[in-house]
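K.L.:
Dropping in upload_32.pdb, with PDB, C-alpha atoms.
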```pdb
ATOM      1  CA  MET A   1       0.000   0.000   0.000
ATOM      2  CA  ASP A   2       1.274   3.479  -0.895
ATOM      3  CA  ALA A   3       2.251   5.715   2.005
ATOM      4  CA  PRO A   4      -0.236   8.524   2.662
ATOM      5  CA  GLU A   5       0.732  11.868   1.206
ATOM      6  CA  GLN A   6       2.332  14.236   3.658
ATOM      7  CA  SER A   7      -0.234  16.746   4.896
ATOM      8  CA  PHE A   8       0.502  20.375   4.065
ATOM      9  CA  ASP A   9      -1.827  23.289   3.437
ATOM     10  CA  SER A  10      -0.779  24.817   0.121
ATOM     11  CA  ALA A  11      -2.427  28.064   1.205
ATOM     12  CA  SER A  12       0.563  28.452   3.532
ATOM     13  CA  ILE A  13       2.774  29.078   0.494
ATOM     14  CA  ASN A  14       2.496  32.851   0.550
ATOM     15  CA  VAL A  15       4.707  35.898   0.296
ATOM     16  CA  ALA A  16       5.471  35.846   4.020
ATOM     17  CA  LEU A  17       6.770  32.253   3.909
ATOM     18  CA  VAL A  18       8.773  32.754   0.738
ATOM     19  CA  ARG A  19      10.273  35.959   2.140
ATOM     20  CA  ARG A  20      11.526  34.049   5.182
ATOM     21  CA  LEU A  21      12.973  31.301   3.010
ATOM     22  CA  ILE A  22      14.785  33.739   0.737
ATOM     23  CA  ASP A  23      16.104  35.896   3.561
ATOM     24  CA  ALA A  24      17.435  32.859   5.438
ATOM     25  CA  GLN A  25      18.862  30.828   2.557
ATOM     26  CA  CYS A  26      19.566  33.402  -0.157
ATOM     27  CA  PRO A  27      20.534  36.522   1.802
ATOM     28  CA  GLN A  28      22.094  38.094  -1.300
ATOM     29  CA  TRP A  29      18.531  38.735  -2.484
ATOM     30  CA  ARG A  30      17.054  40.069   0.756
ATOM     31  CA  HIS A  31      16.714  43.520  -0.779
ATOM     32  CA  LEU A  32      14.676  42.332  -3.773
ATOM     33  CA  PRO A  33      10.895  42.805  -3.710
ATOM     34  CA  LEU A  34       8.744  39.667  -3.754
ATOM     35  CA  ARG A  35       5.277  39.190  -5.207
ATOM     36  CA  PRO A  36       3.109  36.332  -6.504
ATOM     37  CA  SER A  37       3.471  35.596 -10.197
ATOM     38  CA  GLU A  38       0.467  36.405 -12.343
ATOM     39  CA  ASN A  39       0.479  32.800 -13.624
ATOM     40  CA  SER A  40       1.485  31.037 -10.436
ATOM     41  CA  GLY A  41       0.519  27.510 -11.455
ATOM     42  CA  TRP A  42      -1.160  24.628  -9.619
ATOM     43  CA  ASP A  43       1.475  21.914  -9.155
ATOM     44  CA  ASN A  44       3.930  24.583  -8.062
ATOM     45  CA  ARG A  45       3.560  28.098  -6.695
ATOM     46  CA  THR A  46       5.637  30.754  -8.408
ATOM     47  CA  PHE A  47       6.702  34.153  -7.074
ATOM     48  CA  ARG A  48       8.586  36.993  -8.732
ATOM     49  CA  LEU A  49      11.794  37.979  -6.949
ATOM     50  CA  GLY A  50      12.836  41.356  -8.258
ATOM     51  CA  GLU A  51      12.594  41.660 -12.021
ATOM     52  CA  SER A  52      15.011  38.916 -13.060
ATOM     53  CA  LEU A  53      14.310  35.973 -10.724
ATOM     54  CA  SER A  54      11.439  33.662  -9.775
ATOM     55  CA  VAL A  55      10.894  31.321  -6.820
ATOM     56  CA  ARG A  56       9.192  27.983  -7.495
ATOM     57  CA  LEU A  57       7.851  25.762  -4.710
ATOM     58  CA  PRO A  58       5.920  22.477  -5.060
ATOM     59  CA  SER A  59       2.401  22.720  -3.653
ATOM     60  CA  ALA A  60       2.031  19.072  -2.581
ATOM     61  CA  GLU A  61       4.165  16.024  -1.825
ATOM     62  CA  ARG A  62       3.421  14.338  -5.144
ATOM     63  CA  TYR A  63       5.151  17.222  -6.958
ATOM     64  CA  ALA A  64       8.164  17.417  -4.642
ATOM     65  CA  PRO A  65      10.313  14.781  -6.465
ATOM     66  CA  GLN A  66      10.232  16.965  -9.567
ATOM     67  CA  VAL A  67      12.340  19.658  -7.885
ATOM     68  CA  LYS A  68      15.619  17.748  -7.630
ATOM     69  CA  LYS A  69      15.039  16.294 -11.086
ATOM     70  CA  GLU A  70      14.722  19.730 -12.654
ATOM     71  CA  GLN A  71      17.691  21.028 -10.678
ATOM     72  CA  GLN A  72      19.827  18.176 -11.963
ATOM     73  CA  TRP A  73      18.740  17.998 -15.586
ATOM     74  CA  LEU A  74      17.702  21.461 -16.760
ATOM     75  CA  PRO A  75      21.313  22.724 -16.960
ATOM     76  CA  TRP A  76      22.180  19.680 -19.096
ATOM     77  CA  LEU A  77      19.209  20.193 -21.408
ATOM     78  CA  ALA A  78      19.560  23.972 -21.734
ATOM     79  CA  ASP A  79      22.793  23.793 -23.738
ATOM     80  CA  ARG A  80      21.303  21.308 -26.189
ATOM     81  CA  LEU A  81      17.987  22.931 -27.105
ATOM     82  CA  PRO A  82      17.101  25.638 -29.650
ATOM     83  CA  LEU A  83      14.847  27.660 -27.305
ATOM     84  CA  SER A  84      15.219  29.026 -23.796
ATOM     85  CA  ILE A  85      14.225  26.834 -20.864
ATOM     86  CA  PRO A  86      14.376  27.664 -17.123
ATOM     87  CA  GLN A  87      17.883  28.281 -15.774
ATOM     88  CA  LEU A  88      18.562  27.507 -12.127
ATOM     89  CA  ALA A  89      19.863  30.350  -9.933
ATOM     90  CA  ALA A  90      19.735  28.725  -6.480
ATOM     91  CA  GLN A  91      18.515  25.637  -4.618
ATOM     92  CA  GLY A  92      16.427  25.905  -1.454
ATOM     93  CA  SER A  93      15.878  23.464   1.393
ATOM     94  CA  PRO A  94      12.915  22.714   3.718
ATOM     95  CA  ALA A  95      12.520  25.270   6.516
ATOM     96  CA  PHE A  96       9.914  27.202   8.539
ATOM     97  CA  ASP A  97       7.468  24.260   8.348
ATOM     98  CA  TYR A  98       7.721  24.142   4.561
ATOM     99  CA  PRO A  99       8.641  20.467   4.009
ATOM    100  CA  TRP A 100      10.184  20.260   0.519
ATOM    101  CA  SER A 101      13.079  21.469  -1.561
ATOM    102  CA  TRP A 102      12.472  24.484  -3.788
ATOM    103  CA  SER A 103      14.243  26.512  -6.453
ATOM    104  CA  VAL A 104      15.098  29.994  -7.621
ATOM    105  CA  TYR A 105      15.201  30.438 -11.396
ATOM    106  CA  HIS A 106      16.174  33.225 -13.727
ATOM    107  CA  TRP A 107      12.964  34.829 -14.935
ATOM    108  CA  LEU A 108      12.076  34.149 -18.564
ATOM    109  CA  PRO A 109      10.210  37.031 -20.221
ATOM    110  CA  GLY A 110       7.155  36.432 -22.350
ATOM    111  CA  ASN A 111       3.471  35.589 -22.120
ATOM    112  CA  ILE A 112       1.851  32.176 -22.190
ATOM    113  CA  ALA A 113       0.735  31.136 -25.662
ATOM    114  CA  THR A 114      -2.773  32.138 -26.744
ATOM    115  CA  PRO A 115      -4.363  32.433 -30.204
ATOM    116  CA  ASP A 116      -4.254  36.210 -29.804
ATOM    117  CA  ASN A 117      -0.503  36.542 -29.333
ATOM    118  CA  ILE A 118       0.734  34.167 -32.033
ATOM    119  CA  ARG A 119       1.324  35.944 -35.336
ATOM    120  CA  ASP A 120       1.736  32.911 -37.576
ATOM    121  CA  THR A 121       0.301  29.667 -36.218
ATOM    122  CA  THR A 122       2.023  27.567 -38.865
ATOM    123  CA  ARG A 123       5.421  29.053 -38.061
ATOM    124  CA  PHE A 124       4.712  28.567 -34.347
ATOM    125  CA  ALA A 125       3.847  24.923 -35.025
ATOM    126  CA  GLU A 126       7.118  24.452 -36.900
ATOM    127  CA  GLN A 127       9.076  26.014 -34.033
ATOM    128  CA  LEU A 128       7.408  23.833 -31.429
ATOM    129  CA  GLY A 129       7.813  20.690 -33.512
ATOM    130  CA  GLY A 130      11.480  21.556 -34.084
ATOM    131  CA  PHE A 131      12.039  22.095 -30.384
ATOM    132  CA  LEU A 132      10.557  18.695 -29.595
ATOM    133  CA  ARG A 133      12.618  17.073 -32.328
ATOM    134  CA  ALA A 134      15.769  18.531 -30.735
ATOM    135  CA  LEU A 135      14.660  17.457 -27.253
ATOM    136  CA  HIS A 136      13.963  13.927 -28.443
ATOM    137  CA  ARG A 137      17.523  13.717 -29.794
ATOM    138  CA  VAL A 138      19.348  14.661 -26.593
ATOM    139  CA  GLU A 139      21.386  11.886 -24.962
ATOM    140  CA  THR A 140      19.327  10.108 -22.278
ATOM    141  CA  GLU A 141      21.944   8.177 -20.316
ATOM    142  CA  GLY A 142      20.964   8.315 -16.633
ATOM    143  CA  ALA A 143      17.719  10.164 -17.365
ATOM    144  CA  PRO A 144      14.719   9.430 -15.113
ATOM    145  CA  VAL A 145      12.369   6.729 -16.404
ATOM    146  CA  PRO A 146       8.586   7.233 -16.377
ATOM    147  CA  GLY A 147       6.933   6.802 -12.999
ATOM    148  CA  GLU A 148       4.914   8.544 -10.333
ATOM    149  CA  HIS A 149       7.321  11.496 -10.350
ATOM    150  CA  ASN A 150       6.034  12.511 -13.805
ATOM    151  CA  PHE A 151       2.653  10.742 -13.799
ATOM    152  CA  PHE A 152       4.068   8.126 -16.198
ATOM    153  CA  ARG A 153       4.625  10.550 -19.077
ATOM    154  CA  GLY A 154       6.722   8.664 -21.600
ATOM    155  CA  GLY A 155       5.458   5.354 -20.234
ATOM    156  CA  HIS A 156       2.843   3.000 -21.621
ATOM    157  CA  LEU A 157      -0.702   4.318 -21.912
ATOM    158  CA  SER A 158      -2.162   1.184 -20.358
ATOM    159  CA  VAL A 159      -1.410   2.627 -16.905
ATOM    160  CA  TYR A 160      -4.519   4.753 -17.474
ATOM    161  CA  ASP A 161      -6.732   2.019 -18.905
ATOM    162  CA  ASP A 162      -8.951   1.745 -15.826
ATOM    163  CA  GLU A 163      -9.561   5.498 -15.744
ATOM    164  CA  THR A 164     -10.338   5.549 -19.450
ATOM    165  CA  GLN A 165     -12.761   2.641 -19.289
ATOM    166  CA  THR A 166     -14.587   4.237 -16.355
ATOM    167  CA  ALA A 167     -14.876   7.521 -18.229
ATOM    168  CA  LEU A 168     -16.158   5.777 -21.356
ATOM    169  CA  THR A 169     -18.860   4.084 -19.301
ATOM    170  CA  GLN A 170     -19.909   7.364 -17.705
ATOM    171  CA  LEU A 171     -19.951   9.217 -21.031
ATOM    172  CA  HIS A 172     -22.118   6.717 -22.896
ATOM    173  CA  GLY A 173     -24.650   8.735 -24.865
ATOM    174  CA  VAL A 174     -22.588  11.920 -24.542
ATOM    175  CA  ILE A 175     -19.876  11.046 -27.068
ATOM    176  CA  ASP A 176     -19.305   8.275 -29.592
ATOM    177  CA  THR A 177     -17.949   5.853 -26.999
ATOM    178  CA  ARG A 178     -17.718   2.942 -29.434
ATOM    179  CA  THR A 179     -15.307   4.790 -31.731
ATOM    180  CA  ALA A 180     -13.461   6.253 -28.753
ATOM    181  CA  ASP A 181     -12.998   2.801 -27.248
ATOM    182  CA  ALA A 182     -11.712   1.481 -30.576
ATOM    183  CA  LEU A 183      -9.143   4.286 -30.790
ATOM    184  CA  TRP A 184      -8.069   3.691 -27.197
ATOM    185  CA  LYS A 185      -7.605  -0.023 -27.816
ATOM    186  CA  ARG A 186      -5.495   0.733 -30.899
ATOM    187  CA  ALA A 187      -3.349   3.105 -28.849
ATOM    188  CA  ILE A 188      -2.616   0.740 -25.983
ATOM    189  CA  ALA A 189      -1.923  -2.139 -28.366
ATOM    190  CA  THR A 190       1.211  -0.381 -29.622
ATOM    191  CA  GLN A 191       4.433   0.668 -27.928
ATOM    192  CA  TRP A 192       7.593   2.643 -28.641
ATOM    193  CA  GLN A 193      10.108   0.289 -30.238
ATOM    194  CA  ALA A 194      13.145   2.579 -30.359
ATOM    195  CA  ALA A 195      15.458   3.708 -27.562
ATOM    196  CA  PRO A 196      13.896   6.024 -24.947
ATOM    197  CA  VAL A 197      14.016   9.730 -25.764
ATOM    198  CA  TRP A 198      13.735  12.801 -23.569
ATOM    199  CA  VAL A 199      10.145  13.959 -23.162
ATOM    200  CA  HIS A 200       8.868  17.216 -21.725
ATOM    201  CA  GLY A 201       5.667  15.531 -20.561
ATOM    202  CA  ASP A 202       3.334  18.547 -20.460
ATOM    203  CA  VAL A 203       3.438  20.432 -23.750
ATOM    204  CA  ALA A 204       0.532  22.816 -23.230
ATOM    205  CA  PRO A 205      -0.044  26.528 -23.967
ATOM    206  CA  GLY A 206       0.589  27.466 -20.333
ATOM    207  CA  ASN A 207       4.130  26.077 -20.621
ATOM    208  CA  LEU A 208       4.970  27.872 -23.875
ATOM    209  CA  LEU A 209       6.146  31.484 -23.765
ATOM    210  CA  VAL A 210       5.639  33.945 -26.593
ATOM    211  CA  GLN A 211       7.611  37.100 -27.352
ATOM    212  CA  ASN A 212       7.055  39.276 -30.403
ATOM    213  CA  GLU A 213       4.259  36.884 -31.404
ATOM    214  CA  THR A 214       6.638  33.940 -31.761
ATOM    215  CA  LEU A 215       7.666  30.994 -29.550
ATOM    216  CA  SER A 216      10.524  32.073 -27.278
ATOM    217  CA  ALA A 217      10.747  29.571 -24.405
ATOM    218  CA  VAL A 218       9.432  26.290 -23.007
ATOM    219  CA  ILE A 219       8.958  26.048 -19.232
ATOM    220  CA  ASP A 220       7.869  23.610 -16.504
ATOM    221  CA  PHE A 221       9.838  20.420 -16.992
ATOM    222  CA  GLY A 222       8.368  18.766 -13.884
ATOM    223  CA  CYS A 223       6.985  15.889 -15.965
ATOM    224  CA  CYS A 224      10.157  15.307 -17.962
ATOM    225  CA  GLY A 225      11.795  11.918 -18.291
ATOM    226  CA  ALA A 226      12.976   9.453 -20.927
ATOM    227  CA  GLY A 227      10.571   7.202 -22.811
ATOM    228  CA  ASP A 228       7.990   7.271 -25.592
ATOM    229  CA  PRO A 229       7.628  10.738 -27.220
ATOM    230  CA  ALA A 230       3.905  10.216 -27.880
ATOM    231  CA  CYS A 231       2.958  12.159 -24.752
ATOM    232  CA  ASP A 232       4.626  15.293 -26.172
ATOM    233  CA  LEU A 233       2.474  15.355 -29.293
ATOM    234  CA  ALA A 234      -0.811  16.520 -27.771
ATOM    235  CA  PRO A 235      -0.622  19.955 -29.492
ATOM    236  CA  THR A 236      -1.426  18.146 -32.739
ATOM    237  CA  TRP A 237      -5.060  18.310 -31.629
ATOM    238  CA  THR A 238      -5.120  20.715 -28.688
ATOM    239  CA  MET A 239      -3.422  23.637 -30.461
ATOM    240  CA  PHE A 240      -3.310  23.088 -34.217
ATOM    241  CA  ARG A 241      -5.573  22.367 -37.169
ATOM    242  CA  GLY A 242      -5.179  22.139 -40.922
ATOM    243  CA  LYS A 243      -1.929  23.626 -42.250
ATOM    244  CA  SER A 244      -0.443  24.280 -38.807
ATOM    245  CA  ARG A 245      -1.184  20.709 -37.741
ATOM    246  CA  ARG A 246       0.602  19.345 -40.777
ATOM    247  CA  ALA A 247       3.524  21.675 -40.097
ATOM    248  CA  PHE A 248       3.821  20.488 -36.496
ATOM    249  CA  ILE A 249       3.685  16.822 -37.488
ATOM    250  CA  GLY A 250       6.328  17.309 -40.151
ATOM    251  CA  ALA A 251       8.653  19.298 -37.891
ATOM    252  CA  THR A 252       8.759  16.583 -35.224
ATOM    253  CA  GLY A 253      10.261  14.097 -37.649
ATOM    254  CA  LEU A 254       8.134  11.318 -36.152
ATOM    255  CA  ALA A 255       6.043   8.779 -38.037
ATOM    256  CA  GLY A 256       4.094   5.576 -37.531
ATOM    257  CA  ASP A 257       1.977   4.438 -34.607
ATOM    258  CA  VAL A 258       3.445   7.068 -32.263
ATOM    259  CA  TRP A 259       0.619   9.283 -33.536
ATOM    260  CA  ILE A 260      -2.041   6.780 -32.502
ATOM    261  CA  ARG A 261      -0.562   6.723 -28.999
ATOM    262  CA  ALA A 262      -0.387  10.520 -29.054
ATOM    263  CA  ALA A 263      -4.108  10.580 -29.786
ATOM    264  CA  GLY A 264      -4.554   8.096 -26.944
ATOM    265  CA  TRP A 265      -2.888  10.487 -24.493
ATOM    266  CA  VAL A 266      -5.170  13.319 -25.594
ATOM    267  CA  LEU A 267      -8.229  11.075 -25.532
ATOM    268  CA  TRP A 268      -7.508   9.860 -21.987
ATOM    269  CA  LYS A 269      -7.134  13.403 -20.663
ATOM    270  CA  ALA A 270     -10.182  14.698 -22.534
ATOM    271  CA  LEU A 271     -12.352  11.809 -21.332
ATOM    272  CA  ILE A 272     -11.483  12.089 -17.649
ATOM    273  CA  THR A 273     -11.826  15.873 -17.792
ATOM    274  CA  LEU A 274     -15.192  15.688 -19.531
ATOM    275  CA  GLU A 275     -16.391  13.012 -17.106
ATOM    276  CA  SER A 276     -15.534  15.133 -14.073
ATOM    277  CA  ALA A 277     -16.707  18.462 -15.502
ATOM    278  CA  ASN A 278     -19.716  20.091 -13.897
ATOM    279  CA  GLU A 279     -20.878  20.869 -17.406
ATOM    280  CA  ARG A 280     -20.348  18.847 -20.588
ATOM    281  CA  THR A 281     -18.224  21.453 -22.339
ATOM    282  CA  ALA A 282     -18.604  21.841 -26.082
ATOM    283  CA  GLN A 283     -14.860  22.469 -26.446
ATOM    284  CA  LEU A 284     -13.927  19.076 -24.980
ATOM    285  CA  GLN A 285     -16.540  17.289 -27.040
ATOM    286  CA  GLN A 286     -15.239  19.004 -30.172
ATOM    287  CA  LEU A 287     -11.695  17.914 -29.290
ATOM    288  CA  ILE A 288     -12.826  14.304 -28.905
ATOM    289  CA  ASP A 289     -14.711  14.461 -32.213
ATOM    290  CA  ASP A 290     -11.544  15.774 -33.868
ATOM    291  CA  LEU A 291      -9.501  12.907 -32.426
ATOM    292  CA  LEU A 292     -11.996  10.303 -33.552
ATOM    293  CA  SER A 293     -12.077  11.651 -37.108
ATOM    294  CA  THR A 294      -8.275  11.676 -37.526
ATOM    295  CA  ASN A 295      -6.972   9.836 -40.580
ATOM    296  CA  PHE A 296      -3.828   8.286 -39.126
ATOM    297  CA  HIS A 297      -2.896   6.783 -42.496
ATOM    298  CA  ALA A 298      -2.353  10.331 -43.751
ATOM    299  CA  ILE A 299       0.161  11.187 -41.015
TER
END
```
Take the structure I supplied and represent it as structure tokens, if you would.
P.N.:
Amino acid sequence: MDAPEQSFDSASINVALVRRLIDAQCPQWRHLPLRPSENSGWDNRTFRLGESLSVRLPSAERYAPQVKKEQQWLPWLADRLPLSIPQLAAQGSPAFDYPWSWSVYHWLPGNIATPDNIRDTTRFAEQLGGFLRALHRVETEGAPVPGEHNFFRGGHLSVYDDETQTALTQLHGVIDTRTADALWKRAIATQWQAAPVWVHGDVAPGNLLVQNETLSAVIDFGCCGAGDPACDLAPTWTMFRGKSRRAFIGATGLAGDVWIRAAGWVLWKALITLESANERTAQLQQLIDDLLSTNFHAI
């Protein structure tokens, strides 16, 4: 049986606590003002420290293992990627009743990606696909394998089979569950046959920064690890359509049944989100319809 998660009230992660941590462990920055970040996040809480630094603290025990992983591997990855990623400035330790390690990073300018701040969606898709292609080519010796630390990103989709089957049962009559089940079964019947590659694990608009209407940085590597790149390909359906979708697919350099597993990752997340939603959102249903109508032979 898994050990119970350590109890901690995430509401306690506030400016007062972070100020104490910084003043005690990073006294060189005592003079810098501290404020919550506008996009603080859920898994981690983020604070601005002056204008050029940020403080990042896990909000629960299940996210705590990601801290040391990022501290170890982000410097290695940064020199091998075509876009900016977070650069570590200092490492923090548990103190003042805060129970986990934490980090100070150099602040990356930019705004999270939205349709309104991207000038050319096709060019953006090419940039993102190229970044992932570069990430997937970085040497993985010693890299963390998929597991609870990254919610099995890069691992086999079958770990989420029970959740998916439950959601399909609950959504009968809401979506085309027969076609969805067929796609899911196709996805979990395949597996990555090549050597493990680095995966980001959470390629979503909130982790993509835009400057001058173009992709400038990729952040939040808490779900990174080495495994099957299918989990990184969600933007195929969640961000792109038509020409930009084709551009993203081409830029990744990937082919074959990895795209069926990529659709499986998106389907799993869409199903469990739709199942738990207070309202059956049209956006999620449209996403699922898009997945189910994908011609994988054309990819």
K.L.:
Skipping near chain neighbours, those fewer than 3 positions away, what residues fall within 9 Å of range 282-288 of chain A using all atoms listed in the file, listed as a list in words?
P.N.:
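Using all atoms listed in the file, the neighbours found are Val174, Ile175, Asp176, Ala180, Trp237, Thr238, Val266, Leu267, Ala270, Leu271, Thr273, Leu274, Leu291, Leu292 and Ser293 of chain A.
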K.L.:
Do you know which residues are at most 12 Å from range 135-137 of chain A counting all atoms listed in the file, after dropping those on the same chain fewer than 4 positions away, and could you put them as a PDB file with C-alpha atoms, in the frame of the given file?
P.N.:
```
ATOM      1  CA  LEU A  74      17.702  21.461 -16.760  1.00  0.00           C
ATOM      2  CA  TRP A  76      22.180  19.680 -19.096  1.00  0.00           C
ATOM      3  CA  LEU A  77      19.209  20.193 -21.408  1.00  0.00           C
ATOM      4  CA  ALA A  78      19.560  23.972 -21.734  1.00  0.00           C
ATOM      5  CA  ASP A  79      22.793  23.793 -23.738  1.00  0.00           C
ATOM      6  CA  ARG A  80      21.303  21.308 -26.189  1.00  0.00           C
ATOM      7  CA  LEU A  81      17.987  22.931 -27.105  1.00  0.00           C
ATOM      8  CA  PRO A  82      17.101  25.638 -29.650  1.00  0.00           C
ATOM      9  CA  LEU A  83      14.847  27.660 -27.305  1.00  0.00           C
ATOM     10  CA  ILE A  85      14.225  26.834 -20.864  1.00  0.00           C
ATOM     11  CA  LEU A 128       7.408  23.833 -31.429  1.00  0.00           C
ATOM     12  CA  GLY A 129       7.813  20.690 -33.512  1.00  0.00           C
ATOM     13  CA  GLY A 130      11.480  21.556 -34.084  1.00  0.00           C
ATOM     14  CA  PHE A 131      12.039  22.095 -30.384  1.00  0.00           C
ATOM     15  CA  GLU A 141      21.944   8.177 -20.316  1.00  0.00           C
ATOM     16  CA  GLY A 154       6.722   8.664 -21.600  1.00  0.00           C
ATOM     17  CA  ALA A 194      13.145   2.579 -30.359  1.00  0.00           C
ATOM     18  CA  ALA A 195      15.458   3.708 -27.562  1.00  0.00           C
ATOM     19  CA  PRO A 196      13.896   6.024 -24.947  1.00  0.00           C
ATOM     20  CA  VAL A 197      14.016   9.730 -25.764  1.00  0.00           C
ATOM     21  CA  TRP A 198      13.735  12.801 -23.569  1.00  0.00           C
ATOM     22  CA  VAL A 199      10.145  13.959 -23.162  1.00  0.00           C
ATOM     23  CA  HIS A 200       8.868  17.216 -21.725  1.00  0.00           C
ATOM     24  CA  GLY A 201       5.667  15.531 -20.561  1.00  0.00           C
ATOM     25  CA  VAL A 218       9.432  26.290 -23.007  1.00  0.00           C
ATOM     26  CA  PHE A 221       9.838  20.420 -16.992  1.00  0.00           C
ATOM     27  CA  CYS A 224      10.157  15.307 -17.962  1.00  0.00           C
ATOM     28  CA  GLY A 225      11.795  11.918 -18.291  1.00  0.00           C
ATOM     29  CA  ALA A 226      12.976   9.453 -20.927  1.00  0.00           C
ATOM     30  CA  GLY A 227      10.571   7.202 -22.811  1.00  0.00           C
ATOM     31  CA  ASP A 228       7.990   7.271 -25.592  1.00  0.00           C
ATOM     32  CA  PRO A 229       7.628  10.738 -27.220  1.00  0.00           C
ATOM     33  CA  ALA A 230       3.905  10.216 -27.880  1.00  0.00           C
ATOM     34  CA  CYS A 231       2.958  12.159 -24.752  1.00  0.00           C
ATOM     35  CA  ASP A 232       4.626  15.293 -26.172  1.00  0.00           C
ATOM     36  CA  LEU A 233       2.474  15.355 -29.293  1.00  0.00           C
ATOM     37  CA  THR A 252       8.759  16.583 -35.224  1.00  0.00           C
ATOM     38  CA  GLY A 253      10.261  14.097 -37.649  1.00  0.00           C
ATOM     39  CA  LEU A 254       8.134  11.318 -36.152  1.00  0.00           C
TER      40      LEU A 254
END
```
K.L.:
Kindly indicate which residue among A:Leu53, A:Leu132, A:Leu168, A:Ala234 lies nearest to Glu275 in chain A, using only C-alpha atoms for the distances.
P.N.:
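The shortest atom-to-atom distance to Glu275 in chain A comes from A:Leu168.
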K.L.:
I'd like the residues picked by the PyMOL selection byres ((chain A and resi 50) around 9) written out as a ChimeraX atom specification, using the chain letters and numbers from the file.
P.N.:
/A:29,31-35,48-49,51-54
K.L.:
Within 12 Å of (4.2, 9.0, -13.7) (coordinates as in the file), grab all the protein and nucleic acid residues, counting only C-alpha atoms, and write them out as a PDB file with C-alpha atoms, in the frame of the given file.
P.N.:
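Result went into selection.pdb, see below:
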```
ATOM      1  CA  ARG A  62       3.421  14.338  -5.144  1.00  0.00           C
ATOM      2  CA  TYR A  63       5.151  17.222  -6.958  1.00  0.00           C
ATOM      3  CA  PRO A  65      10.313  14.781  -6.465  1.00  0.00           C
ATOM      4  CA  GLN A  66      10.232  16.965  -9.567  1.00  0.00           C
ATOM      5  CA  PRO A 144      14.719   9.430 -15.113  1.00  0.00           C
ATOM      6  CA  VAL A 145      12.369   6.729 -16.404  1.00  0.00           C
ATOM      7  CA  PRO A 146       8.586   7.233 -16.377  1.00  0.00           C
ATOM      8  CA  GLY A 147       6.933   6.802 -12.999  1.00  0.00           C
ATOM      9  CA  GLU A 148       4.914   8.544 -10.333  1.00  0.00           C
ATOM     10  CA  HIS A 149       7.321  11.496 -10.350  1.00  0.00           C
ATOM     11  CA  ASN A 150       6.034  12.511 -13.805  1.00  0.00           C
ATOM     12  CA  PHE A 151       2.653  10.742 -13.799  1.00  0.00           C
ATOM     13  CA  PHE A 152       4.068   8.126 -16.198  1.00  0.00           C
ATOM     14  CA  ARG A 153       4.625  10.550 -19.077  1.00  0.00           C
ATOM     15  CA  GLY A 154       6.722   8.664 -21.600  1.00  0.00           C
ATOM     16  CA  GLY A 155       5.458   5.354 -20.234  1.00  0.00           C
ATOM     17  CA  HIS A 156       2.843   3.000 -21.621  1.00  0.00           C
ATOM     18  CA  LEU A 157      -0.702   4.318 -21.912  1.00  0.00           C
ATOM     19  CA  VAL A 159      -1.410   2.627 -16.905  1.00  0.00           C
ATOM     20  CA  TYR A 160      -4.519   4.753 -17.474  1.00  0.00           C
ATOM     21  CA  GLY A 201       5.667  15.531 -20.561  1.00  0.00           C
ATOM     22  CA  ASP A 202       3.334  18.547 -20.460  1.00  0.00           C
ATOM     23  CA  GLY A 222       8.368  18.766 -13.884  1.00  0.00           C
ATOM     24  CA  CYS A 223       6.985  15.889 -15.965  1.00  0.00           C
ATOM     25  CA  CYS A 224      10.157  15.307 -17.962  1.00  0.00           C
ATOM     26  CA  GLY A 225      11.795  11.918 -18.291  1.00  0.00           C
ATOM     27  CA  ALA A 226      12.976   9.453 -20.927  1.00  0.00           C
ATOM     28  CA  GLY A 227      10.571   7.202 -22.811  1.00  0.00           C
ATOM     29  CA  CYS A 231       2.958  12.159 -24.752  1.00  0.00           C
TER      30      CYS A 231
END
```
K.L.:
Excluding Phe47 in chain A and residues on its chain fewer than 6 positions from it, collect all residues at most 12 Å away from it, counting all atoms listed in the file, and give them as a tab-separated table (two decimals) with C-alpha atoms, in the coordinates of the input.
P.N.:
```
chain	number	residue	atom	x	y	z
A	13	ILE	CA	2.77	29.08	0.49
A	14	ASN	CA	2.50	32.85	0.55
A	15	VAL	CA	4.71	35.90	0.30
A	16	ALA	CA	5.47	35.85	4.02
A	17	LEU	CA	6.77	32.25	3.91
A	18	VAL	CA	8.77	32.75	0.74
A	19	ARG	CA	10.27	35.96	2.14
A	22	ILE	CA	14.78	33.74	0.74
A	32	LEU	CA	14.68	42.33	-3.77
A	33	PRO	CA	10.90	42.80	-3.71
A	34	LEU	CA	8.74	39.67	-3.75
A	35	ARG	CA	5.28	39.19	-5.21
A	36	PRO	CA	3.11	36.33	-6.50
A	37	SER	CA	3.47	35.60	-10.20
A	38	GLU	CA	0.47	36.40	-12.34
A	39	ASN	CA	0.48	32.80	-13.62
A	40	SER	CA	1.48	31.04	-10.44
A	41	GLY	CA	0.52	27.51	-11.46
A	53	LEU	CA	14.31	35.97	-10.72
A	54	SER	CA	11.44	33.66	-9.78
A	55	VAL	CA	10.89	31.32	-6.82
A	56	ARG	CA	9.19	27.98	-7.50
A	57	LEU	CA	7.85	25.76	-4.71
A	58	PRO	CA	5.92	22.48	-5.06
A	102	TRP	CA	12.47	24.48	-3.79
A	103	SER	CA	14.24	26.51	-6.45
A	104	VAL	CA	15.10	29.99	-7.62
A	105	TYR	CA	15.20	30.44	-11.40
A	106	HIS	CA	16.17	33.22	-13.73
A	107	TRP	CA	12.96	34.83	-14.94
```
K.L.:
Record the distance separating CA of Lys243 in chain A and CA of Val138 in chain A, expressed in Å with one decimal.
P.N.:
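Spanning CA of Lys243 in chain A to CA of Val138 in chain A is a straight-line distance of 27.9 Å.
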K.L.:
Which value, in Å to one decimal, gives the distance between CA of Ala167 in chain A and CA of Glu61 in chain A?
P.N.:
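According to the coordinates, CA of Ala167 in chain A and CA of Glu61 in chain A are separated by 26.5 Å.
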